[in-house]
>>> print(open('start-v5.txt').read())   # compact mmCIF, C-alpha atoms and all ligand atoms
# COMPACT_ATOMS: atom_id res chain seq x y z
CA MET R 1 80.18 -214.33 211.11
CA ILE R 2 80.30 -217.54 209.12
CA SER R 3 80.75 -217.62 205.34
CA ILE R 4 79.10 -220.37 203.35
CA LEU R 5 81.00 -220.82 200.09
CA CYS R 6 79.29 -222.33 197.10
CA PRO R 7 80.92 -222.78 193.68
CA CYS R 8 78.31 -223.03 190.90
CA TYR R 9 78.70 -224.19 187.34
CA ASN R 10 75.43 -224.54 185.42
CA GLU R 11 73.37 -225.20 188.53
CA GLU R 12 70.09 -223.52 187.52
CA LYS R 13 68.17 -226.70 188.36
CA ALA R 14 69.77 -227.26 191.76
CA LEU R 15 69.93 -223.66 193.01
CA PRO R 16 66.30 -223.05 194.01
CA LEU R 17 66.36 -226.19 196.16
CA PHE R 18 69.72 -225.22 197.61
CA ILE R 19 68.65 -221.69 198.58
CA GLN R 20 65.47 -222.97 200.16
CA ARG R 21 67.23 -225.58 202.26
CA ILE R 22 70.20 -223.46 203.26
CA THR R 23 68.13 -220.45 204.40
CA GLN R 24 65.99 -222.84 206.40
CA VAL R 25 69.04 -224.34 208.10
CA ILE R 26 70.80 -221.08 208.93
CA SER R 27 67.69 -219.44 210.35
CA ALA R 28 67.80 -222.12 213.06
CA ILE R 29 71.45 -221.35 213.94
CA PRO R 30 72.17 -218.36 216.19
CA GLU R 31 75.08 -216.96 214.15
CA THR R 32 75.31 -214.36 211.42
CA PHE R 33 75.97 -215.73 207.97
CA GLU R 34 77.01 -214.66 204.52
CA ILE R 35 76.44 -216.91 201.55
CA LEU R 36 79.07 -216.40 198.91
CA PHE R 37 78.39 -217.90 195.50
CA VAL R 38 81.03 -218.13 192.80
CA ASN R 39 79.55 -218.36 189.33
CA ASP R 40 82.20 -220.38 187.51
CA GLY R 41 81.36 -219.27 183.96
CA SER R 42 77.94 -220.89 183.80
CA THR R 43 76.27 -220.91 180.39
CA ASP R 44 72.72 -221.29 181.69
CA SER R 45 70.64 -218.92 183.83
CA THR R 46 72.67 -219.55 187.02
CA LEU R 47 73.99 -215.97 187.14
CA ASP R 48 70.54 -214.40 186.73
CA LEU R 49 69.20 -216.58 189.52
CA LEU R 50 72.09 -215.68 191.81
CA LYS R 51 71.74 -211.97 191.06
CA SER R 52 68.06 -212.02 191.98
CA TYR R 53 68.80 -213.93 195.19
CA SER R 54 71.41 -211.38 196.20
CA GLN R 55 68.91 -208.56 195.62
CA GLN R 56 66.35 -210.24 197.85
CA ASP R 57 68.74 -211.21 200.63
CA SER R 58 71.61 -208.97 201.77
CA ARG R 59 73.50 -211.99 203.13
CA ILE R 60 73.95 -213.36 199.61
CA LYS R 61 76.95 -212.27 197.57
CA VAL R 62 78.00 -213.37 194.11
CA VAL R 63 81.44 -213.41 192.51
CA ASP R 64 81.09 -213.78 188.76
CA PHE R 65 84.01 -215.32 186.82
CA SER R 66 84.86 -214.23 183.28
CA ARG R 67 84.76 -217.89 182.17
CA ASN R 68 84.85 -221.42 183.59
CA PHE R 69 88.01 -221.81 185.66
CA GLY R 70 87.09 -225.07 187.42
CA LYS R 71 85.96 -225.87 190.91
CA GLU R 72 89.40 -225.51 192.52
CA ALA R 73 89.72 -221.95 191.20
CA ALA R 74 86.14 -221.15 192.27
CA LEU R 75 86.91 -222.33 195.79
CA THR R 76 90.10 -220.25 195.82
CA ALA R 77 88.13 -217.13 194.90
CA ALA R 78 85.51 -217.92 197.53
CA LEU R 79 88.23 -218.11 200.18
CA ASP R 80 89.70 -214.81 198.98
CA TYR R 81 86.37 -212.98 199.10
CA ALA R 82 84.96 -214.55 202.27
CA GLN R 83 84.77 -212.20 205.23
CA GLY R 84 83.60 -214.62 207.93
CA ASP R 85 85.49 -215.78 211.00
CA ALA R 86 84.98 -219.28 209.69
CA VAL R 87 84.07 -220.66 206.27
CA ILE R 88 82.13 -223.71 205.11
CA PRO R 89 82.52 -224.67 201.44
CA ILE R 90 79.52 -226.63 200.21
CA ASP R 91 78.36 -227.98 196.83
CA ALA R 92 75.26 -226.52 195.22
CA ASP R 93 73.73 -229.94 194.55
CA LEU R 94 72.87 -230.70 198.22
CA GLN R 95 75.08 -233.79 198.23
CA ASP R 96 76.55 -232.31 201.39
CA PRO R 97 73.70 -231.97 203.92
CA PRO R 98 73.55 -228.35 205.21
CA GLU R 99 72.06 -229.67 208.47
CA LEU R 100 75.56 -230.80 209.46
CA MET R 101 76.66 -227.17 209.71
CA ALA R 102 75.14 -226.76 213.18
CA ASP R 103 77.36 -229.58 214.51
CA MET R 104 80.38 -228.17 212.70
CA ILE R 105 79.87 -224.78 214.31
CA ALA R 106 79.47 -226.40 217.74
CA LYS R 107 82.84 -228.17 217.25
CA TRP R 108 84.38 -224.89 216.14
CA HIS R 109 83.22 -223.26 219.37
CA GLU R 110 84.87 -226.13 221.23
CA GLY R 111 88.16 -224.88 219.80
CA TYR R 112 88.77 -226.95 216.67
CA GLU R 113 90.11 -224.89 213.77
CA VAL R 114 89.12 -227.45 211.14
CA VAL R 115 85.99 -229.59 211.31
CA LEU R 116 86.05 -232.27 208.62
CA ALA R 117 82.95 -233.97 207.27
CA ARG R 118 83.59 -237.58 206.31
CA ARG R 119 81.42 -239.47 203.85
CA ALA R 120 80.75 -242.46 206.04
CA ASP R 121 78.24 -243.79 203.53
CA ARG R 122 79.07 -243.37 199.86
CA SER R 123 76.41 -245.72 198.55
CA SER R 124 74.99 -242.86 196.47
CA ASP R 125 78.21 -242.85 194.41
CA SER R 126 78.71 -245.39 191.66
CA TRP R 127 80.76 -248.53 192.32
CA LEU R 128 83.47 -247.34 189.94
CA LYS R 129 83.73 -243.96 191.67
CA ARG R 130 84.06 -245.56 195.09
CA VAL R 131 86.75 -248.00 193.95
CA THR R 132 88.79 -245.39 192.09
CA ALA R 133 88.46 -242.95 195.00
CA LYS R 134 89.77 -245.60 197.39
CA MET R 135 92.70 -246.37 195.08
CA PHE R 136 93.50 -242.68 194.80
CA TYR R 137 93.61 -242.13 198.57
CA LYS R 138 95.77 -245.24 199.07
CA PHE R 139 98.25 -244.27 196.37
CA HIS R 140 98.35 -240.58 197.23
CA ASN R 141 98.88 -241.18 200.92
CA ALA R 142 101.54 -243.81 200.29
CA ILE R 143 103.79 -241.31 198.50
CA SER R 144 102.75 -237.86 199.76
CA ASN R 145 103.11 -235.89 202.92
CA PRO R 146 100.92 -234.73 204.61
CA HIS R 147 98.27 -237.41 204.17
CA ILE R 148 94.83 -236.35 203.02
CA PRO R 149 92.05 -237.84 205.16
CA GLU R 150 90.09 -240.52 203.30
CA ASN R 151 86.55 -239.78 202.07
CA VAL R 152 86.70 -236.17 203.17
CA GLY R 153 85.73 -233.66 200.51
CA ASP R 154 85.69 -229.88 200.41
CA PHE R 155 82.68 -229.80 202.73
CA ARG R 156 84.22 -228.78 206.07
CA LEU R 157 84.52 -225.84 208.44
CA MET R 158 87.73 -223.82 208.52
CA ASP R 159 88.72 -221.08 210.91
CA ARG R 160 89.97 -217.67 209.72
CA ALA R 161 93.53 -218.66 210.73
CA VAL R 162 93.41 -221.55 208.24
CA ILE R 163 92.10 -219.31 205.47
CA GLU R 164 94.86 -216.77 206.02
CA ALA R 165 97.41 -219.58 205.78
CA LEU R 166 95.84 -220.84 202.55
CA LYS R 167 95.81 -217.38 201.03
CA GLY R 168 99.60 -217.57 201.04
CA CYS R 169 99.50 -220.48 198.56
CA ARG R 170 99.23 -218.85 195.15
CA GLU R 171 100.26 -221.75 192.92
CA SER R 172 98.41 -222.10 189.64
CA CYS R 173 98.09 -225.88 189.80
CA ARG R 174 95.73 -226.24 192.69
CA PHE R 175 94.50 -229.32 194.50
CA MET R 176 92.43 -227.80 197.29
CA LYS R 177 92.01 -230.96 199.33
CA GLY R 178 95.77 -231.33 199.45
CA LEU R 179 96.28 -227.67 200.34
CA PHE R 180 93.70 -227.92 203.11
CA ALA R 181 95.55 -230.89 204.59
CA TRP R 182 98.91 -229.20 204.09
CA ALA R 183 97.81 -226.20 206.19
CA GLY R 184 97.41 -228.45 209.24
CA PHE R 185 95.75 -227.00 212.39
CA ARG R 186 93.69 -228.78 215.02
CA SER R 187 90.96 -230.84 213.40
CA CYS R 188 88.14 -233.22 214.24
CA THR R 189 85.83 -235.30 212.05
CA LEU R 190 82.08 -235.65 211.76
CA ASP R 191 80.45 -238.45 209.76
CA TYR R 192 77.63 -237.99 207.28
CA ARG R 193 75.76 -239.77 204.56
CA ARG R 194 76.44 -238.60 201.03
CA GLU R 195 73.14 -237.86 199.32
CA VAL R 196 72.42 -238.19 195.62
CA ARG R 197 72.55 -235.02 193.55
CA SER R 198 69.37 -232.96 194.04
CA ALA R 199 68.97 -231.87 190.41
CA GLY R 200 70.99 -231.30 187.26
CA ARG R 201 73.99 -233.33 186.14
CA ALA R 202 77.39 -233.89 187.78
CA LYS R 203 80.04 -231.61 186.27
CA LEU R 204 83.11 -233.51 187.36
CA ASN R 205 83.19 -236.48 184.98
CA GLY R 206 85.70 -239.32 184.89
CA TRP R 207 88.35 -237.50 182.87
CA LYS R 208 88.20 -234.33 185.02
CA LEU R 209 88.54 -236.45 188.15
CA TRP R 210 91.53 -238.30 186.68
CA THR R 211 93.19 -234.96 185.86
CA LEU R 212 92.48 -233.79 189.39
CA ALA R 213 93.99 -236.97 190.83
CA LEU R 214 97.14 -236.44 188.74
CA GLU R 215 97.24 -232.84 189.95
CA GLY R 216 96.99 -234.03 193.55
CA ILE R 217 99.81 -236.51 193.22
CA THR R 218 102.22 -234.27 191.32
CA SER R 219 101.45 -231.27 193.55
CA PHE R 220 102.32 -233.02 196.77
CA SER R 221 104.90 -235.66 195.93
CA THR R 222 108.03 -236.03 193.87
CA ALA R 223 108.14 -239.77 194.48
CA PRO R 224 107.10 -240.52 190.86
CA LEU R 225 110.28 -238.73 189.75
CA THR R 226 112.54 -240.39 192.28
CA ILE R 227 111.29 -243.87 191.40
CA TRP R 228 113.14 -243.72 188.04
CA LEU R 229 116.43 -243.39 189.83
CA TYR R 230 115.88 -246.72 191.58
CA LEU R 231 114.23 -248.41 188.65
CA GLY R 232 117.06 -247.29 186.36
CA GLY R 233 119.62 -248.43 188.89
CA ALA R 234 118.04 -251.86 189.27
CA ILE R 235 117.80 -252.35 185.51
CA SER R 236 121.42 -251.26 184.97
CA LEU R 237 122.61 -253.69 187.61
CA SER R 238 120.72 -256.63 186.14
CA ALA R 239 121.88 -255.65 182.65
CA PHE R 240 125.45 -255.72 183.92
CA ALA R 241 124.94 -259.16 185.46
CA TYR R 242 123.46 -260.40 182.20
CA LEU R 243 126.42 -258.99 180.31
CA ALA R 244 128.81 -260.89 182.56
CA TYR R 245 126.78 -264.06 182.00
CA ILE R 246 126.81 -263.67 178.19
CA PHE R 247 130.52 -262.97 178.25
CA MET R 248 131.25 -266.10 180.27
CA ARG R 249 128.97 -268.22 178.12
CA THR R 250 130.65 -266.98 174.94
CA VAL R 251 134.07 -267.72 176.37
CA ILE R 252 133.04 -271.24 177.44
CA SER R 253 130.78 -272.44 174.65
CA GLY R 254 131.46 -270.06 171.72
CA VAL R 255 129.20 -267.72 169.68
CA GLU R 256 125.50 -268.51 169.32
CA VAL R 257 123.38 -266.65 166.75
CA PRO R 258 119.70 -267.19 167.84
CA GLY R 259 118.20 -264.55 170.13
CA TYR R 260 116.19 -262.35 167.80
CA ALA R 261 112.95 -262.62 169.83
CA SER R 262 114.54 -261.79 173.13
CA ILE R 263 116.30 -258.75 171.65
CA VAL R 264 113.06 -257.38 170.20
CA CYS R 265 111.31 -257.92 173.53
CA MET R 266 114.00 -256.06 175.39
CA ILE R 267 114.01 -253.15 172.93
CA LEU R 268 110.24 -252.79 173.25
CA PHE R 269 110.32 -253.13 177.02
CA PHE R 270 113.00 -250.55 177.60
CA GLY R 271 111.64 -248.25 174.90
CA GLY R 272 108.30 -248.24 176.69
CA LEU R 273 109.92 -247.72 180.06
CA ASN R 274 111.89 -244.76 178.70
CA LEU R 275 108.77 -243.14 177.31
CA VAL R 276 106.85 -243.53 180.56
CA GLY R 277 109.77 -242.00 182.45
CA ILE R 278 110.05 -239.08 180.03
CA GLY R 279 106.28 -238.61 180.16
CA LEU R 280 106.34 -238.40 183.93
CA ILE R 281 109.17 -235.90 183.91
CA GLY R 282 107.10 -233.98 181.36
CA GLN R 283 104.21 -233.82 183.83
CA TYR R 284 106.38 -232.08 186.37
CA LEU R 285 108.15 -229.92 183.80
CA GLY R 286 104.81 -228.78 182.38
CA ARG R 287 103.61 -227.76 185.80
CA THR R 288 106.84 -225.91 186.51
CA TYR R 289 106.33 -224.07 183.21
CA ILE R 290 102.76 -223.10 184.11
CA GLU R 291 103.78 -221.97 187.59
CA SER R 292 106.62 -219.88 186.19
CA LYS R 293 104.11 -217.69 184.33
CA ARG R 294 102.48 -216.65 187.59
CA ARG R 295 99.11 -216.05 186.03
CA PRO R 296 96.17 -215.32 188.34
CA VAL R 297 94.16 -218.38 189.34
CA TYR R 298 90.88 -216.79 188.21
CA ILE R 299 89.47 -213.60 186.70
CA VAL R 300 86.43 -211.88 188.20
CA ARG R 301 84.03 -210.04 185.93
CA LYS R 302 81.90 -208.50 188.67
CA VAL R 303 80.90 -208.86 192.31
CA TYR R 304 77.24 -208.54 193.27
CA GLY R 305 75.71 -207.79 196.63
CA ASP R 306 78.86 -206.48 198.27
CA ASN R 307 80.83 -203.23 198.11
CA SER R 308 84.02 -204.37 199.81
CA GLU R 309 86.55 -206.02 197.55
CA ALA R 310 88.85 -208.79 198.72
N1 LIG O 1 81.70 -226.88 189.92
C1 LIG O 1 82.31 -225.67 189.58
N2 LIG O 1 83.07 -225.61 188.45
C2 LIG O 1 83.28 -226.69 187.63
C3 LIG O 1 82.68 -227.92 188.01
C4 LIG O 1 81.90 -227.98 189.16
O1 LIG O 1 82.15 -224.67 190.27
O2 LIG O 1 83.98 -226.56 186.63
C5 LIG O 1 80.84 -226.94 191.13
C6 LIG O 1 79.44 -227.47 190.90
O3 LIG O 1 78.56 -226.47 190.48
C7 LIG O 1 79.07 -228.04 192.26
C8 LIG O 1 80.42 -228.53 192.81
O4 LIG O 1 81.42 -227.86 192.04
O5 LIG O 1 78.54 -227.05 193.13
C9 LIG O 1 80.57 -230.03 192.71
O6 LIG O 1 80.33 -230.46 191.40
P1 LIG O 1 79.68 -231.87 191.06
O7 LIG O 1 78.46 -232.06 191.88
O8 LIG O 1 79.52 -231.92 189.58
O9 LIG O 1 80.85 -232.84 191.50
P2 LIG O 1 80.74 -234.23 192.29
O10 LIG O 1 79.70 -234.08 193.35
O11 LIG O 1 80.40 -235.23 191.27
O12 LIG O 1 82.13 -234.40 192.85
MG MG O 2 77.92 -233.30 193.32
>>> encode(input="start-v5.txt", output="structure tokens", more="lines below")
Ligand code: UDP
Ligand code: MG
Amino acid sequence: MISILCPCYNEEKALPLFIQRITQVISAIPETFEILFVNDGSTDSTLDLLKSYSQQDSRIKVVDFSRNFGKEAALTAALDYAQGDAVIPIDADLQDPPELMADMIAKWHEGYEVVLARRADRSSDSWLKRVTAKMFYKFHNAISNPHIPENVGDFRLMDRAVIEALKGCRESCRFMKGLFAWAGFRSCTLDYRREVRSAGRAKLNGWKLWTLALEGITSFSTAPLTIWLYLGGAISLSAFAYLAYIFMRTVISGVEVPGYASIVCMILFFGGLNLVGIGLIGQYLGRTYIESKRRPVYIVRKVYGDNSEA
């Protein structure tokens, strides 16, 4: 069986189109399917829609969250509740073409445990989103191990073995793309064209994406912490050289009073540098604090269309 995982947050406009297209696609594939929706605290009629779908179709299951926990938490829950031998997370807005699933499943039968779907054509995304995404991948991969494949989202196929490995990662600060890459396994890549959103508005705005990027970098690299060691060392060394220079100059040509501007500049420069350094340490400290509480990643209100709990 294959589990299709779909996190939904206020998707009442996109869902009817999604259900129509996905049922069409899976009826043409000779496999059994379950479609697992996670209602991530929607405030519109998403839950009512999902409930009625699950009554009409026994393959459709719904996990209802007690509030909005974010897409990463919704995906985590979907992985926990999925019962398939392979899973395919997919967005509700049809930006990921369900038609690609047939090829993914074929690759899976060839023996690949992870089948990635790469956005070969991102022209449906805004210029700013493309540029910032590119910068993120460059920066992240320069300082983190393992690398996350560029332009690959959550839309992919993963074997049961991968899911079991991921279930072992219970950190609260979750960057799913990074965790997926961290798990490893044998993978191959398929290319696809990223469509525009079918209906409704995008939920992940600029600020949420920035927070997610920060999460990704701090979750998988401590290079931003280490850098201060070298930066501090370099600055101390040059300060020492400058000190020696001032000392020699004073010995040779006596005391000079002017220098107010340069002192103010230096105070501001190093004050700023200190604050950035402390802020960065704070980022890591804050995450350590959150992790130390060991709170659950999400809270489920109710599960519809399925008797077996995860
Ligand atoms: N989503 C979610 N919780 C959130 C935000 C988004 O479950 O807090 C879901 C959303 O319903 C959609 C998917 O995540 O199915 C991707 O969201 P969106 O299309 O807004 O993101 P983008 O395509 O812009 O990355
Ligand atoms: Mg989208």
>>> closest_atom_pairs(input="start-v5.txt", of="chain R", to="ligand LIG 1 (chain O)", cutoff="10 Å", atoms="all atoms listed in the file", output="JSON lines")
{"residue": "R:Leu5", "atom": "CA", "partner": "O:LIG1", "partner_atom": "O5", "distance": 9.7}
{"residue": "R:Cys6", "atom": "CA", "partner": "O:LIG1", "partner_atom": "O5", "distance": 6.2}
{"residue": "R:Pro7", "atom": "CA", "partner": "O:LIG1", "partner_atom": "O1", "distance": 4.1}
{"residue": "R:Cys8", "atom": "CA", "partner": "O:LIG1", "partner_atom": "O3", "distance": 3.5}
{"residue": "R:Tyr9", "atom": "CA", "partner": "O:LIG1", "partner_atom": "O3", "distance": 3.9}
{"residue": "R:Asn10", "atom": "CA", "partner": "O:LIG1", "partner_atom": "O3", "distance": 6.3}
{"residue": "R:Glu11", "atom": "CA", "partner": "O:LIG1", "partner_atom": "O3", "distance": 5.7}
{"residue": "R:Glu12", "atom": "CA", "partner": "O:LIG1", "partner_atom": "O3", "distance": 9.4}
{"residue": "R:Ala14", "atom": "CA", "partner": "O:LIG1", "partner_atom": "O5", "distance": 8.9}
{"residue": "R:Leu15", "atom": "CA", "partner": "O:LIG1", "partner_atom": "O5", "distance": 9.3}
{"residue": "R:Phe37", "atom": "CA", "partner": "O:LIG1", "partner_atom": "O1", "distance": 9.3}
{"residue": "R:Val38", "atom": "CA", "partner": "O:LIG1", "partner_atom": "O1", "distance": 7.1}
{"residue": "R:Asn39", "atom": "CA", "partner": "O:LIG1", "partner_atom": "O1", "distance": 6.9}
{"residue": "R:Asp40", "atom": "CA", "partner": "O:LIG1", "partner_atom": "O1", "distance": 5.1}
{"residue": "R:Gly41", "atom": "CA", "partner": "O:LIG1", "partner_atom": "N2", "distance": 8.0}
{"residue": "R:Ser42", "atom": "CA", "partner": "O:LIG1", "partner_atom": "N2", "distance": 8.4}
{"residue": "R:Thr46", "atom": "CA", "partner": "O:LIG1", "partner_atom": "O3", "distance": 9.7}
{"residue": "R:Arg67", "atom": "CA", "partner": "O:LIG1", "partner_atom": "O2", "distance": 9.8}
{"residue": "R:Asn68", "atom": "CA", "partner": "O:LIG1", "partner_atom": "O2", "distance": 6.0}
{"residue": "R:Phe69", "atom": "CA", "partner": "O:LIG1", "partner_atom": "O2", "distance": 6.3}
{"residue": "R:Gly70", "atom": "CA", "partner": "O:LIG1", "partner_atom": "O2", "distance": 3.5}
{"residue": "R:Lys71", "atom": "CA", "partner": "O:LIG1", "partner_atom": "N2", "distance": 3.8}
{"residue": "R:Glu72", "atom": "CA", "partner": "O:LIG1", "partner_atom": "N2", "distance": 7.5}
{"residue": "R:Ala73", "atom": "CA", "partner": "O:LIG1", "partner_atom": "N2", "distance": 8.1}
{"residue": "R:Ala74", "atom": "CA", "partner": "O:LIG1", "partner_atom": "O1", "distance": 5.7}
{"residue": "R:Leu75", "atom": "CA", "partner": "O:LIG1", "partner_atom": "O1", "distance": 7.7}
{"residue": "R:Pro89", "atom": "CA", "partner": "O:LIG1", "partner_atom": "O5", "distance": 9.5}
{"residue": "R:Ile90", "atom": "CA", "partner": "O:LIG1", "partner_atom": "O5", "distance": 7.2}
{"residue": "R:Asp91", "atom": "CA", "partner": "O:LIG1", "partner_atom": "O5", "distance": 3.8}
{"residue": "R:Ala92", "atom": "CA", "partner": "O:LIG1", "partner_atom": "O5", "distance": 3.9}
{"residue": "R:Asp93", "atom": "CA", "partner": "O:LIG1", "partner_atom": "O5", "distance": 5.8}
{"residue": "R:Leu94", "atom": "CA", "partner": "O:LIG1", "partner_atom": "O5", "distance": 8.4}
{"residue": "R:Gln95", "atom": "CA", "partner": "O:LIG1", "partner_atom": "O10", "distance": 6.7}
{"residue": "R:Asp96", "atom": "CA", "partner": "O:LIG1", "partner_atom": "O10", "distance": 8.8}
{"residue": "R:Asp125", "atom": "CA", "partner": "O:LIG1", "partner_atom": "O11", "distance": 8.5}
{"residue": "R:Lys129", "atom": "CA", "partner": "O:LIG1", "partner_atom": "O11", "distance": 9.4}
{"residue": "R:Gly153", "atom": "CA", "partner": "O:LIG1", "partner_atom": "O12", "distance": 8.5}
{"residue": "R:Asp154", "atom": "CA", "partner": "O:LIG1", "partner_atom": "C9", "distance": 9.2}
{"residue": "R:Arg194", "atom": "CA", "partner": "O:LIG1", "partner_atom": "O10", "distance": 9.5}
{"residue": "R:Glu195", "atom": "CA", "partner": "O:LIG1", "partner_atom": "O10", "distance": 9.6}
{"residue": "R:Val196", "atom": "CA", "partner": "O:LIG1", "partner_atom": "O10", "distance": 8.7}
{"residue": "R:Arg197", "atom": "CA", "partner": "O:LIG1", "partner_atom": "O7", "distance": 6.8}
{"residue": "R:Ser198", "atom": "CA", "partner": "O:LIG1", "partner_atom": "O7", "distance": 9.4}
{"residue": "R:Ala199", "atom": "CA", "partner": "O:LIG1", "partner_atom": "O7", "distance": 9.6}
{"residue": "R:Gly200", "atom": "CA", "partner": "O:LIG1", "partner_atom": "O7", "distance": 8.8}
{"residue": "R:Arg201", "atom": "CA", "partner": "O:LIG1", "partner_atom": "O8", "distance": 6.7}
{"residue": "R:Ala202", "atom": "CA", "partner": "O:LIG1", "partner_atom": "O8", "distance": 3.4}
{"residue": "R:Lys203", "atom": "CA", "partner": "O:LIG1", "partner_atom": "O8", "distance": 3.4}
{"residue": "R:Leu204", "atom": "CA", "partner": "O:LIG1", "partner_atom": "O8", "distance": 4.5}
{"residue": "R:Asn205", "atom": "CA", "partner": "O:LIG1", "partner_atom": "O11", "distance": 7.0}
{"residue": "R:Gly206", "atom": "CA", "partner": "O:LIG1", "partner_atom": "O11", "distance": 9.2}
{"residue": "R:Lys208", "atom": "CA", "partner": "O:LIG1", "partner_atom": "C3", "distance": 9.0}
{"residue": "R:Leu209", "atom": "CA", "partner": "O:LIG1", "partner_atom": "O12", "distance": 8.2}
>>> write_last_selection(input="start-v5.txt", atoms="C-alpha atoms", output="PDB file, in the coordinates of the input")
ATOM      1  CA  LEU R   5      81.000-220.820 200.090  1.00  0.00           C
ATOM      2  CA  CYS R   6      79.290-222.330 197.100  1.00  0.00           C
ATOM      3  CA  PRO R   7      80.920-222.780 193.680  1.00  0.00           C
ATOM      4  CA  CYS R   8      78.310-223.030 190.900  1.00  0.00           C
ATOM      5  CA  TYR R   9      78.700-224.190 187.340  1.00  0.00           C
ATOM      6  CA  ASN R  10      75.430-224.540 185.420  1.00  0.00           C
ATOM      7  CA  GLU R  11      73.370-225.200 188.530  1.00  0.00           C
ATOM      8  CA  GLU R  12      70.090-223.520 187.520  1.00  0.00           C
ATOM      9  CA  ALA R  14      69.770-227.260 191.760  1.00  0.00           C
ATOM     10  CA  LEU R  15      69.930-223.660 193.010  1.00  0.00           C
ATOM     11  CA  PHE R  37      78.390-217.900 195.500  1.00  0.00           C
ATOM     12  CA  VAL R  38      81.030-218.130 192.800  1.00  0.00           C
ATOM     13  CA  ASN R  39      79.550-218.360 189.330  1.00  0.00           C
ATOM     14  CA  ASP R  40      82.200-220.380 187.510  1.00  0.00           C
ATOM     15  CA  GLY R  41      81.360-219.270 183.960  1.00  0.00           C
ATOM     16  CA  SER R  42      77.940-220.890 183.800  1.00  0.00           C
ATOM     17  CA  THR R  46      72.670-219.550 187.020  1.00  0.00           C
ATOM     18  CA  ARG R  67      84.760-217.890 182.170  1.00  0.00           C
ATOM     19  CA  ASN R  68      84.850-221.420 183.590  1.00  0.00           C
ATOM     20  CA  PHE R  69      88.010-221.810 185.660  1.00  0.00           C
ATOM     21  CA  GLY R  70      87.090-225.070 187.420  1.00  0.00           C
ATOM     22  CA  LYS R  71      85.960-225.870 190.910  1.00  0.00           C
ATOM     23  CA  GLU R  72      89.400-225.510 192.520  1.00  0.00           C
ATOM     24  CA  ALA R  73      89.720-221.950 191.200  1.00  0.00           C
ATOM     25  CA  ALA R  74      86.140-221.150 192.270  1.00  0.00           C
ATOM     26  CA  LEU R  75      86.910-222.330 195.790  1.00  0.00           C
ATOM     27  CA  PRO R  89      82.520-224.670 201.440  1.00  0.00           C
ATOM     28  CA  ILE R  90      79.520-226.630 200.210  1.00  0.00           C
ATOM     29  CA  ASP R  91      78.360-227.980 196.830  1.00  0.00           C
ATOM     30  CA  ALA R  92      75.260-226.520 195.220  1.00  0.00           C
ATOM     31  CA  ASP R  93      73.730-229.940 194.550  1.00  0.00           C
ATOM     32  CA  LEU R  94      72.870-230.700 198.220  1.00  0.00           C
ATOM     33  CA  GLN R  95      75.080-233.790 198.230  1.00  0.00           C
ATOM     34  CA  ASP R  96      76.550-232.310 201.390  1.00  0.00           C
ATOM     35  CA  ASP R 125      78.210-242.850 194.410  1.00  0.00           C
ATOM     36  CA  LYS R 129      83.730-243.960 191.670  1.00  0.00           C
ATOM     37  CA  GLY R 153      85.730-233.660 200.510  1.00  0.00           C
ATOM     38  CA  ASP R 154      85.690-229.880 200.410  1.00  0.00           C
ATOM     39  CA  ARG R 194      76.440-238.600 201.030  1.00  0.00           C
ATOM     40  CA  GLU R 195      73.140-237.860 199.320  1.00  0.00           C
ATOM     41  CA  VAL R 196      72.420-238.190 195.620  1.00  0.00           C
ATOM     42  CA  ARG R 197      72.550-235.020 193.550  1.00  0.00           C
ATOM     43  CA  SER R 198      69.370-232.960 194.040  1.00  0.00           C
ATOM     44  CA  ALA R 199      68.970-231.870 190.410  1.00  0.00           C
ATOM     45  CA  GLY R 200      70.990-231.300 187.260  1.00  0.00           C
ATOM     46  CA  ARG R 201      73.990-233.330 186.140  1.00  0.00           C
ATOM     47  CA  ALA R 202      77.390-233.890 187.780  1.00  0.00           C
ATOM     48  CA  LYS R 203      80.040-231.610 186.270  1.00  0.00           C
ATOM     49  CA  LEU R 204      83.110-233.510 187.360  1.00  0.00           C
ATOM     50  CA  ASN R 205      83.190-236.480 184.980  1.00  0.00           C
ATOM     51  CA  GLY R 206      85.700-239.320 184.890  1.00  0.00           C
ATOM     52  CA  LYS R 208      88.200-234.330 185.020  1.00  0.00           C
ATOM     53  CA  LEU R 209      88.540-236.450 188.150  1.00  0.00           C
TER      54      LEU R 209
END
>>> atom_distance(input="start-v5.txt", atom1="CA of Thr288 in chain R", atom2="CA of Gly216 in chain R")
14.6 Å
>>> closest_residue(input="start-v5.txt", among="R:Leu17, R:Ala234, R:Val303, R:Leu225", to="Gly279 in chain R", atoms="all atoms listed in the file")
R:Leu225
>>> atom_distance(input="start-v5.txt", atom1="CA of Ile246 in chain R", atom2="CA of Ile227 in chain R")
28.4 Å
>>> closest_residue(input="start-v5.txt", among="R:Ile19, R:Arg301, R:Phe155, R:Phe220", to="ligand MG 2 (chain O)", atoms="all atoms listed in the file")
R:Phe155
>>> atom_distance(input="start-v5.txt", atom1="CA of Asp64 in chain R", atom2="CA of Ala161 in chain R")
25.7 Å
>>> residues_near_point(input="start-v5.txt", point="(76.7, -237.2, 204.5)", cutoff="7 Å", atoms="all atoms listed in the file", output="compact mmCIF listing (two decimals) with C-alpha atoms, in the frame of the given file")
# COMPACT_ATOMS: atom_id res chain seq x y z
CA ASP R 96 76.55 -232.31 201.39
CA PRO R 97 73.70 -231.97 203.92
CA ARG R 119 81.42 -239.47 203.85
CA ALA R 120 80.75 -242.46 206.04
CA ASP R 121 78.24 -243.79 203.53
CA ASP R 191 80.45 -238.45 209.76
CA TYR R 192 77.63 -237.99 207.28
CA ARG R 193 75.76 -239.77 204.56
CA ARG R 194 76.44 -238.60 201.03
CA GLU R 195 73.14 -237.86 199.32
>>> closest_residue(input="start-v5.txt", among="R:Leu237, R:Leu116, R:Val276, R:Leu47", to="Phe185 in chain R", atoms="all atoms listed in the file")
R:Leu116
